[in-house]
$ cat upload18.cif   # mmCIF, C-alpha atoms and all ligand atoms
data_start
loop_
_atom_site.label_atom_id
_atom_site.label_comp_id
_atom_site.auth_asym_id
_atom_site.auth_seq_id
_atom_site.Cartn_x
_atom_site.Cartn_y
_atom_site.Cartn_z
CA MET A 208 -119.27 93.10 -138.26
CA THR A 209 -122.07 90.54 -137.98
CA ALA A 210 -124.94 90.97 -135.53
CA LEU A 211 -123.41 88.32 -133.25
CA GLU A 212 -120.22 90.31 -132.87
CA ASN A 213 -122.16 93.18 -131.43
CA ILE A 214 -122.28 91.21 -128.18
CA THR A 215 -118.85 90.83 -126.61
CA LYS A 216 -118.53 87.74 -124.44
CA LEU A 217 -116.29 88.00 -121.37
CA LEU A 218 -114.88 84.66 -120.18
CA GLN A 219 -112.62 83.88 -117.21
CA GLU A 220 -109.41 82.16 -118.34
CA SER A 221 -109.95 78.39 -118.62
CA THR A 222 -109.29 75.60 -121.07
CA ALA A 223 -112.75 76.14 -122.55
CA ALA A 224 -112.10 79.88 -122.99
CA VAL A 225 -108.78 79.17 -124.70
CA GLU A 226 -110.48 76.72 -127.06
CA GLU A 227 -113.23 79.21 -127.89
CA ALA A 228 -110.62 81.91 -128.55
CA ALA A 229 -108.60 79.57 -130.77
CA ALA A 230 -111.69 78.66 -132.82
CA LEU A 231 -112.54 82.35 -133.34
CA LEU A 232 -108.95 83.19 -134.27
CA LYS A 233 -108.81 80.34 -136.80
CA ALA A 234 -112.07 81.71 -138.27
CA GLY A 235 -110.45 85.13 -138.81
CA GLN A 236 -111.95 86.91 -135.79
CA VAL A 237 -110.39 89.27 -133.21
CA VAL A 238 -110.12 88.29 -129.52
CA GLY A 239 -109.02 90.28 -126.44
CA ILE A 240 -106.35 88.33 -124.54
CA PRO A 241 -104.31 88.92 -121.39
CA THR A 242 -100.53 89.22 -121.56
CA GLU A 243 -98.08 90.00 -118.77
CA THR A 244 -97.64 93.59 -120.04
CA VAL A 245 -101.09 94.84 -121.12
CA TYR A 246 -104.13 93.20 -122.75
CA GLY A 247 -103.83 92.57 -126.48
CA LEU A 248 -106.28 92.60 -129.38
CA ALA A 249 -105.32 89.40 -131.19
CA ALA A 250 -105.92 88.11 -134.71
CA ASN A 251 -104.21 85.68 -137.11
CA ALA A 252 -101.08 87.59 -138.19
CA LEU A 253 -100.99 85.68 -141.47
CA ASN A 254 -104.55 86.56 -142.53
CA PRO A 255 -104.84 90.09 -144.02
CA ALA A 256 -108.64 90.23 -143.55
CA ALA A 257 -108.35 89.26 -139.86
CA VAL A 258 -105.58 91.82 -139.30
CA ALA A 259 -107.69 94.51 -140.99
CA LYS A 260 -110.35 93.89 -138.33
CA ILE A 261 -107.84 94.83 -135.60
CA TYR A 262 -107.20 98.22 -137.24
CA THR A 263 -110.95 98.79 -137.51
CA ALA A 264 -111.73 97.76 -133.91
CA LYS A 265 -109.01 100.07 -132.53
CA GLY A 266 -109.47 102.91 -135.00
CA ARG A 267 -105.73 102.60 -135.64
CA PRO A 268 -103.96 104.25 -138.62
CA SER A 269 -103.05 101.51 -141.13
CA ASP A 270 -99.38 102.56 -141.34
CA ASN A 271 -98.83 101.78 -137.63
CA PRO A 272 -97.55 98.18 -137.60
CA LEU A 273 -98.62 95.49 -135.13
CA ILE A 274 -96.55 93.26 -132.87
CA VAL A 275 -96.70 89.57 -133.80
CA HIS A 276 -96.94 87.23 -130.80
CA VAL A 277 -95.38 83.76 -130.85
CA ALA A 278 -95.20 80.91 -128.34
CA ASP A 279 -91.81 79.35 -129.04
CA LYS A 280 -88.56 79.93 -130.87
CA GLY A 281 -89.61 77.95 -133.93
CA MET A 282 -92.61 80.21 -134.42
CA PHE A 283 -90.36 83.27 -133.82
CA SER A 284 -88.07 82.24 -136.67
CA SER A 285 -91.03 81.40 -138.93
CA VAL A 286 -92.03 85.09 -139.10
CA ALA A 287 -88.68 86.92 -138.65
CA CYS A 288 -85.06 86.48 -139.72
CA LEU A 289 -83.18 85.84 -136.47
CA THR A 290 -79.71 87.37 -136.07
CA PRO A 291 -77.00 86.39 -133.54
CA LYS A 292 -78.03 89.36 -131.36
CA ALA A 293 -81.67 88.32 -131.52
CA GLU A 294 -80.68 84.78 -130.48
CA LYS A 295 -78.86 86.14 -127.43
CA LEU A 296 -81.78 88.34 -126.38
CA ILE A 297 -84.34 85.57 -126.89
CA ALA A 298 -82.23 83.25 -124.71
CA ALA A 299 -81.98 85.93 -122.00
CA PHE A 300 -85.47 87.47 -121.94
CA CYS A 301 -88.03 85.30 -123.74
CA PRO A 302 -90.72 84.51 -122.93
CA GLY A 303 -91.12 87.99 -121.45
CA PRO A 304 -91.80 91.69 -122.06
CA LEU A 305 -89.33 92.28 -124.91
CA THR A 306 -90.25 92.91 -128.58
CA LEU A 307 -87.59 92.63 -131.28
CA VAL A 308 -87.81 94.38 -134.64
CA LEU A 309 -86.14 92.22 -137.31
CA ASN A 310 -86.36 91.63 -141.04
CA LYS A 311 -89.77 90.16 -141.88
CA LYS A 312 -90.29 86.80 -143.58
CA SER A 313 -92.51 86.87 -146.68
CA VAL A 314 -95.17 84.61 -145.13
CA VAL A 315 -96.33 87.65 -143.11
CA PRO A 316 -98.60 89.93 -145.15
CA ALA A 317 -97.71 93.61 -145.57
CA VAL A 318 -100.82 94.82 -143.69
CA THR A 319 -99.61 93.20 -140.43
CA CYS A 320 -96.43 95.28 -140.54
CA GLY A 321 -97.92 98.54 -141.78
CA GLY A 322 -96.23 98.00 -145.14
CA LEU A 323 -92.70 97.80 -143.67
CA THR A 324 -90.10 95.15 -144.56
CA SER A 325 -89.38 94.72 -140.84
CA ILE A 326 -91.52 92.96 -138.25
CA ALA A 327 -91.94 93.38 -134.48
CA VAL A 328 -92.11 90.01 -132.68
CA ARG A 329 -92.73 89.15 -129.06
CA TRP A 330 -92.96 85.90 -127.10
CA PRO A 331 -95.18 86.73 -124.12
CA SER A 332 -94.92 84.89 -120.79
CA HIS A 333 -98.58 85.01 -119.70
CA PRO A 334 -99.74 81.36 -119.59
CA THR A 335 -103.10 82.19 -121.19
CA ALA A 336 -101.48 84.13 -124.02
CA ILE A 337 -99.17 81.18 -124.68
CA ALA A 338 -102.10 78.72 -124.46
CA VAL A 339 -104.16 80.72 -126.99
CA ILE A 340 -101.26 80.95 -129.46
CA LYS A 341 -100.56 77.23 -129.12
CA ALA A 342 -104.22 76.18 -129.35
CA SER A 343 -104.72 78.25 -132.50
CA GLY A 344 -101.37 77.21 -133.94
CA LEU A 345 -101.05 80.75 -135.29
CA PRO A 346 -98.73 83.71 -134.78
CA LEU A 347 -101.03 86.42 -133.44
CA ALA A 348 -100.85 90.10 -134.34
CA ALA A 349 -101.84 91.93 -131.16
CA PRO A 350 -101.63 95.62 -130.40
CA SER A 351 -102.72 96.86 -126.98
CA ALA A 352 -106.49 96.34 -126.70
CA ASN A 353 -107.42 100.03 -126.26
CA LEU A 354 -109.03 102.46 -128.65
CA SER A 355 -106.25 104.13 -130.63
CA GLY A 356 -104.68 107.04 -128.71
CA GLY A 357 -106.01 106.07 -125.27
CA PRO A 358 -104.36 104.43 -122.24
CA SER A 359 -103.50 100.73 -122.66
CA PRO A 360 -105.73 98.23 -120.82
CA THR A 361 -104.32 96.40 -117.80
CA THR A 362 -107.56 94.60 -116.83
CA ALA A 363 -110.30 92.81 -118.76
CA ALA A 364 -112.71 95.53 -117.56
CA HIS A 365 -110.56 98.13 -119.37
CA VAL A 366 -110.77 96.06 -122.56
CA MET A 367 -114.55 95.76 -122.21
CA ALA A 368 -114.81 99.53 -121.67
CA ASP A 369 -113.07 100.15 -125.01
CA MET A 370 -114.00 97.10 -127.11
CA ALA A 371 -117.52 95.97 -126.07
CA GLY A 372 -119.58 95.61 -129.25
CA ARG A 373 -116.47 95.67 -131.45
CA ILE A 374 -115.09 92.13 -130.94
CA PRO A 375 -116.73 88.77 -130.11
CA LEU A 376 -114.65 87.65 -127.09
CA VAL A 377 -112.41 88.90 -124.26
CA ILE A 378 -110.58 86.48 -121.95
CA ASP A 379 -110.12 87.72 -118.38
CA GLY A 380 -106.70 86.68 -117.10
CA GLY A 381 -106.65 89.07 -114.15
CA PRO A 382 -104.70 92.33 -113.81
CA CYS A 383 -101.48 92.45 -115.86
CA ALA A 384 -98.38 91.73 -113.77
CA VAL A 385 -96.18 94.32 -115.54
CA GLY A 386 -98.63 97.08 -116.49
CA VAL A 387 -96.82 98.83 -119.37
CA GLU A 388 -96.18 97.56 -122.89
CA SER A 389 -93.09 95.58 -123.82
CA THR A 390 -89.71 97.15 -124.48
CA VAL A 391 -89.32 97.50 -128.27
CA LEU A 392 -85.76 97.09 -129.60
CA SER A 393 -84.84 97.35 -133.27
CA LEU A 394 -82.07 95.07 -134.53
CA THR A 395 -82.46 95.94 -138.22
CA ASP A 396 -79.32 98.16 -138.22
CA ASP A 397 -75.82 97.50 -136.89
CA LYS A 398 -76.53 99.37 -133.68
CA PRO A 399 -79.39 98.16 -131.46
CA LEU A 400 -81.96 100.95 -131.15
CA LEU A 401 -84.51 101.25 -128.35
CA LEU A 402 -87.84 102.35 -129.86
CA ARG A 403 -90.02 102.04 -126.77
CA PRO A 404 -88.82 101.75 -123.15
CA GLY A 405 -90.49 99.03 -121.10
CA TYR A 406 -89.98 96.72 -118.16
CA ILE A 407 -86.71 95.38 -119.58
CA THR A 408 -84.33 98.33 -119.50
CA ALA A 409 -81.64 99.41 -121.98
CA ALA A 410 -79.01 98.63 -119.31
CA GLU A 411 -80.25 95.04 -118.99
CA ILE A 412 -80.11 94.62 -122.78
CA GLU A 413 -76.60 96.14 -122.87
CA GLN A 414 -75.44 93.59 -120.31
CA VAL A 415 -76.53 90.72 -122.55
CA LEU A 416 -75.29 92.19 -125.84
CA VAL A 417 -72.14 93.69 -124.30
CA GLU A 418 -72.81 96.65 -126.54
CA LYS A 419 -74.28 100.15 -126.28
CA VAL A 420 -78.01 100.45 -126.95
CA GLU A 421 -78.98 103.72 -128.62
CA VAL A 422 -82.24 105.28 -127.48
CA ALA A 423 -84.38 106.78 -130.26
CA ASN A 424 -84.70 110.54 -129.81
CA ALA A 425 -88.50 110.37 -129.95
CA VAL A 426 -88.67 108.20 -126.81
CA LEU A 427 -88.46 111.30 -124.60
CA HIS A 428 -88.78 114.18 -127.08
CA LYS A 429 -91.55 115.55 -129.23
CA MET A 430 -90.83 114.84 -132.88
CA ASN A 431 -90.37 117.71 -135.32
CA ASP A 432 -92.74 117.77 -138.28
CA ASP A 433 -89.87 117.00 -140.70
CA GLU A 434 -88.47 114.11 -138.61
CA THR A 435 -88.92 110.48 -139.80
CA ALA A 436 -90.17 108.20 -137.04
CA PRO A 437 -87.99 105.09 -136.51
CA SER A 438 -91.21 103.50 -135.19
CA PRO A 439 -94.46 104.63 -136.84
CA GLY A 440 -96.29 104.61 -133.48
CA MET A 441 -94.14 107.55 -132.33
CA LYS A 442 -95.96 109.91 -134.69
CA TYR A 443 -99.33 109.39 -133.11
CA LYS A 444 -101.07 110.63 -129.99
CA HIS A 445 -100.72 107.96 -127.33
CA TYR A 446 -101.85 106.88 -123.88
CA ALA A 447 -103.95 110.01 -123.42
CA PRO A 448 -107.08 109.94 -121.26
CA LYS A 449 -109.78 112.59 -121.80
CA THR A 450 -108.35 114.45 -118.79
CA GLU A 451 -105.72 116.95 -119.90
CA ILE A 452 -102.43 115.88 -118.32
CA THR A 453 -99.45 118.10 -117.45
CA VAL A 454 -96.24 116.52 -116.16
CA VAL A 455 -94.75 118.27 -113.12
CA THR A 456 -91.22 117.48 -111.92
CA GLY A 457 -89.72 118.48 -108.57
CA SER A 458 -89.68 117.61 -104.88
CA LYS A 459 -92.73 116.48 -102.93
CA GLU A 460 -92.85 119.87 -101.17
CA ALA A 461 -92.61 121.88 -104.41
CA TYR A 462 -95.24 119.68 -106.09
CA THR A 463 -97.62 119.93 -103.12
CA ASP A 464 -97.34 123.73 -103.00
CA PHE A 465 -97.82 123.98 -106.76
CA VAL A 466 -100.92 121.79 -107.07
CA ASN A 467 -102.54 123.20 -103.92
CA ALA A 468 -102.12 126.69 -105.38
CA ASN A 469 -103.78 125.49 -108.62
CA LYS A 470 -106.80 123.94 -106.90
CA LYS A 471 -109.89 124.44 -109.05
CA GLN A 472 -113.08 122.58 -110.00
CA GLY A 473 -112.08 119.52 -112.11
CA VAL A 474 -108.35 119.78 -111.36
CA PHE A 475 -106.78 116.61 -109.92
CA ALA A 476 -103.33 115.56 -108.77
CA LEU A 477 -101.92 112.38 -110.37
CA CYS A 478 -99.36 111.70 -107.72
CA TYR A 479 -97.19 109.24 -105.84
CA GLU A 480 -98.69 107.57 -102.76
CA GLU A 481 -96.26 109.58 -100.59
CA ASP A 482 -97.67 112.87 -101.96
CA ALA A 483 -101.27 112.20 -100.98
CA GLY A 484 -101.17 113.38 -97.35
CA GLY A 485 -100.49 117.05 -98.07
CA LEU A 486 -102.93 117.61 -100.93
CA ALA A 487 -105.87 120.02 -100.74
CA LEU A 488 -107.42 118.82 -104.03
CA PRO A 489 -108.73 115.46 -105.30
CA TYR A 490 -106.07 113.01 -106.39
CA VAL A 491 -105.38 109.64 -107.97
CA THR A 492 -102.14 107.88 -106.97
CA TYR A 493 -99.89 105.76 -109.20
CA GLY A 494 -97.51 103.77 -107.02
CA SER A 495 -94.70 104.74 -104.70
CA ALA A 496 -92.17 107.52 -105.40
CA THR A 497 -89.35 105.12 -104.51
CA ASN A 498 -90.61 101.96 -106.25
CA THR A 499 -90.79 102.33 -110.03
CA LYS A 500 -92.26 98.84 -110.52
CA THR A 501 -95.35 99.93 -108.58
CA GLN A 502 -95.61 103.06 -110.77
CA VAL A 503 -95.39 101.02 -113.97
CA ASN A 504 -98.06 98.69 -112.62
CA ALA A 505 -100.52 101.41 -111.60
CA LEU A 506 -100.08 104.09 -114.27
CA PHE A 507 -102.59 103.10 -116.96
CA ASN A 508 -105.29 102.29 -114.43
CA ALA A 509 -104.69 105.68 -112.80
CA LEU A 510 -105.06 107.49 -116.16
CA ARG A 511 -108.42 105.78 -116.70
CA GLU A 512 -109.50 106.53 -113.13
CA LEU A 513 -109.05 110.28 -113.74
CA ASP A 514 -111.63 110.11 -116.53
CA GLU A 515 -113.98 108.01 -114.40
CA LYS A 516 -113.78 110.56 -111.58
CA GLY A 517 -114.58 113.43 -113.91
CA ALA A 518 -111.20 115.17 -113.86
CA THR A 519 -110.75 117.80 -116.57
CA ASN A 520 -107.06 118.49 -115.82
CA ALA A 521 -104.44 116.60 -113.85
CA TYR A 522 -100.91 117.48 -112.76
CA ALA A 523 -98.83 114.31 -112.91
CA HIS A 524 -95.90 114.25 -110.48
CA PHE A 525 -92.88 112.59 -112.07
CA ASN A 526 -89.23 112.26 -111.09
CA GLN A 527 -86.60 109.98 -112.63
CA VAL A 528 -85.57 107.44 -109.98
CA ASP A 529 -83.87 104.71 -112.01
CA GLN A 530 -83.65 103.22 -115.53
CA LEU A 531 -87.18 101.82 -115.34
CA SER A 532 -88.44 105.38 -114.78
CA THR A 533 -87.84 105.96 -118.50
CA ALA A 534 -90.84 103.69 -119.25
CA VAL A 535 -93.06 105.81 -116.97
CA HIS A 536 -91.60 109.08 -118.33
CA ASN A 537 -92.24 108.03 -121.94
CA ARG A 538 -95.93 107.19 -121.26
CA LEU A 539 -96.57 110.32 -119.17
CA LEU A 540 -94.95 112.67 -121.71
CA ARG A 541 -97.18 111.28 -124.46
CA ALA A 542 -100.28 111.28 -122.27
CA ALA A 543 -99.47 114.96 -121.63
CA ALA A 544 -98.66 115.76 -125.28
CA PHE A 545 -95.23 116.84 -123.91
CA LYS A 546 -96.56 119.57 -121.60
CA VAL A 547 -94.06 119.71 -118.71
CA ILE A 548 -93.60 122.09 -115.78
CA GLU A 549 -90.22 121.85 -114.02
CA LEU A 550 -90.47 123.20 -110.49
O1 LIG B 1 -96.61 94.71 -124.53
C1 LIG B 1 -96.90 94.87 -125.71
O2 LIG B 1 -96.04 95.00 -126.58
C2 LIG B 1 -98.40 94.88 -126.08
C3 LIG B 1 -98.96 93.50 -125.75
C4 LIG B 1 -100.39 93.34 -126.19
O3 LIG B 1 -98.15 92.51 -126.26
N1 LIG B 1 -98.58 95.23 -127.46
C5 LIG B 1 -98.41 96.51 -127.90
O4 LIG B 1 -98.67 96.71 -129.25
O5 LIG B 1 -98.06 97.42 -127.18
P1 LIG B 1 -98.93 98.16 -129.89
O6 LIG B 1 -99.41 97.85 -131.27
O7 LIG B 1 -99.82 98.93 -129.04
O8 LIG B 1 -97.53 98.81 -130.00
C6 LIG B 1 -96.62 98.38 -130.99
C7 LIG B 1 -95.55 99.40 -131.21
C8 LIG B 1 -96.07 100.57 -132.02
O9 LIG B 1 -95.54 101.77 -131.48
C9 LIG B 1 -95.52 100.29 -133.40
O10 LIG B 1 -95.30 101.47 -134.13
C10 LIG B 1 -94.21 99.58 -133.10
O11 LIG B 1 -94.48 98.80 -131.95
N2 LIG B 1 -93.81 98.69 -134.20
C11 LIG B 1 -94.46 97.59 -134.64
N3 LIG B 1 -93.82 97.05 -135.70
C12 LIG B 1 -92.74 97.84 -135.94
C13 LIG B 1 -91.69 97.82 -136.91
N4 LIG B 1 -91.64 96.89 -137.85
N5 LIG B 1 -90.76 98.79 -136.84
C14 LIG B 1 -90.81 99.74 -135.88
N6 LIG B 1 -91.77 99.82 -134.94
C15 LIG B 1 -92.73 98.89 -134.96
MG MG B 2 -100.67 100.52 -128.04
#

$ encode --input "upload18.cif" --output "structure tokens" --more "lines below"
Ligand code: TXA
Ligand code: MG
Amino acid sequence: MTALENITKLLQESTAAVEEAAALLKAGQVVGIPTETVYGLAANALNPAAVAKIYTAKGRPSDNPLIVHVADKGMFSSVACLTPKAEKLIAAFCPGPLTLVLNKKSVVPAVTCGGLTSIAVRWPSHPTAIAVIKASGLPLAAPSANLSGGPSPTTAAHVMADMAGRIPLVIDGGPCAVGVESTVLSLTDDKPLLLRPGYITAAEIEQVLVEKVEVANAVLHKMNDDETAPSPGMKYKHYAPKTEITVVTGSKEAYTDFVNANKKQGVFALCYEEDAGGLALPYVTYGSATNTKTQVNALFNALRELDEKGATNAYAHFNQVDQLSTAVHNRLLRAAAFKVIEL
């Protein structure tokens, strides 16, 4: 890193900011950009040295591949081999919060894909993300812009908290509309396999493909030591704040009684808005118990807020409400290192 990179510039989204980002990306630098899911840490996906800087900035293990971001179908097919199923899903959901794992084209260097022969590709819908990709003319490798293992960033302030001094520029495009990372679906085998649940649910994908979508076991279960991860990211600690999280399932009444009985210095509730009234300990809310979209939107900010408020432990109230709940469940289980109390 040069001395200049030690100062991270934060720019509001604008044509000038997009042009500055594009110039840095063409010069092999890393830039924090907004997307509709979470903020990304972008670099030229075709330049191994630029991609290496992403791994360094995040502290990410080099065998954990990156998602390549494109701004149109032509760019999509320039990095990945499209299949009939991929074509259908692109027509239905792109641009949007869906990532497809397909066979990689040789133009993409091995380092971008963690040494795999497959590639994860996504066409984001955030106008600034699209503008940056188009202005640079490059497919952009972009993992979530957090330090490896921590909660993903849903505001530019989150990116600055993790990346200040590590990258030259962050573009502020406001809070992310979705709030969790894209759904990751592998199409490299006959059967479509869900590797990461997101805003687009397995049921929605099944409707388009008219076919069953398998869900990888590791989405909601801790992997055994001898198990091979279908997605390398599944092996690693994820989404975890410094606060030690425990997931607690059960009714509002049972949860309230449980956390109130466990009231102690540093212990917080991470709860639904509806839970707040009856609590005798400090709390951070993450959306409404009956509206999963609000939970998805608030979760990562809430995990960061626990750290900011000095929580040492937090009991996270979770109940499955609908298909989208799987995205919340997956993040909370990992944030909690699979510690669950069923009331
Ligand atoms: O919403 C998102 O997808 C965000 C924004 C910035 O676009 N990006 C994101 O990237 O979440 P990241 O790197 O944090 O997560 C990528 C996940 C990892 O779990 C990785 O292991 C998996 O996708 N992945 C990437 N390439 C893969 C491949 N070829 N095969 C299987 N899994 C892959
Ligand atoms: Mg990530």

$ residues_around --input "upload18.cif" --residues "Ala542 in chain A" --least-positions-apart "6" --cutoff "12 Å" --atoms "all atoms listed in the file" --output "PyMOL selection string"
chain A and resi 356-359+429+443-454+506-507+509-511+520-523+535-536

$ residues_near_ligand --input "upload18.cif" --ligand "ligand LIG 1 (chain B)" --cutoff "8 Å" --atoms "all atoms listed in the file" --output "number ranges by chain"
A: 240-248, 271-274, 276, 304-306, 308-309, 320-321, 323-329, 331, 349-352, 359, 387-391, 393, 402-403, 437-441

$ residues_near_point --input "upload18.cif" --point "(-91.8, 109.1, -111.6)" --cutoff "10 Å" --atoms "all atoms listed in the file" --output "PyMOL selection string"
chain A and resi 454-456+478-479+493-499+502-503+523-529+531-536+539

$ residues_around --input "upload18.cif" --residues "Gly266 in chain A" --least-positions-apart "4" --cutoff "8 Å" --atoms "only C-alpha atoms" --output "PyMOL selection string"
chain A and resi 262+354-355

$ closest_residue --input "upload18.cif" --among "A:Pro268, A:Gly381, A:Pro489, A:Pro316" --to "ligand MG 2 (chain B)" --atoms "only C-alpha atoms and all ligand atoms"
A:Pro268

$ closest_residue --input "upload18.cif" --among "A:Pro360, A:Pro302, A:Gly405, A:Pro399" --to "ligand MG 2 (chain B)" --atoms "all atoms listed in the file"
A:Pro360
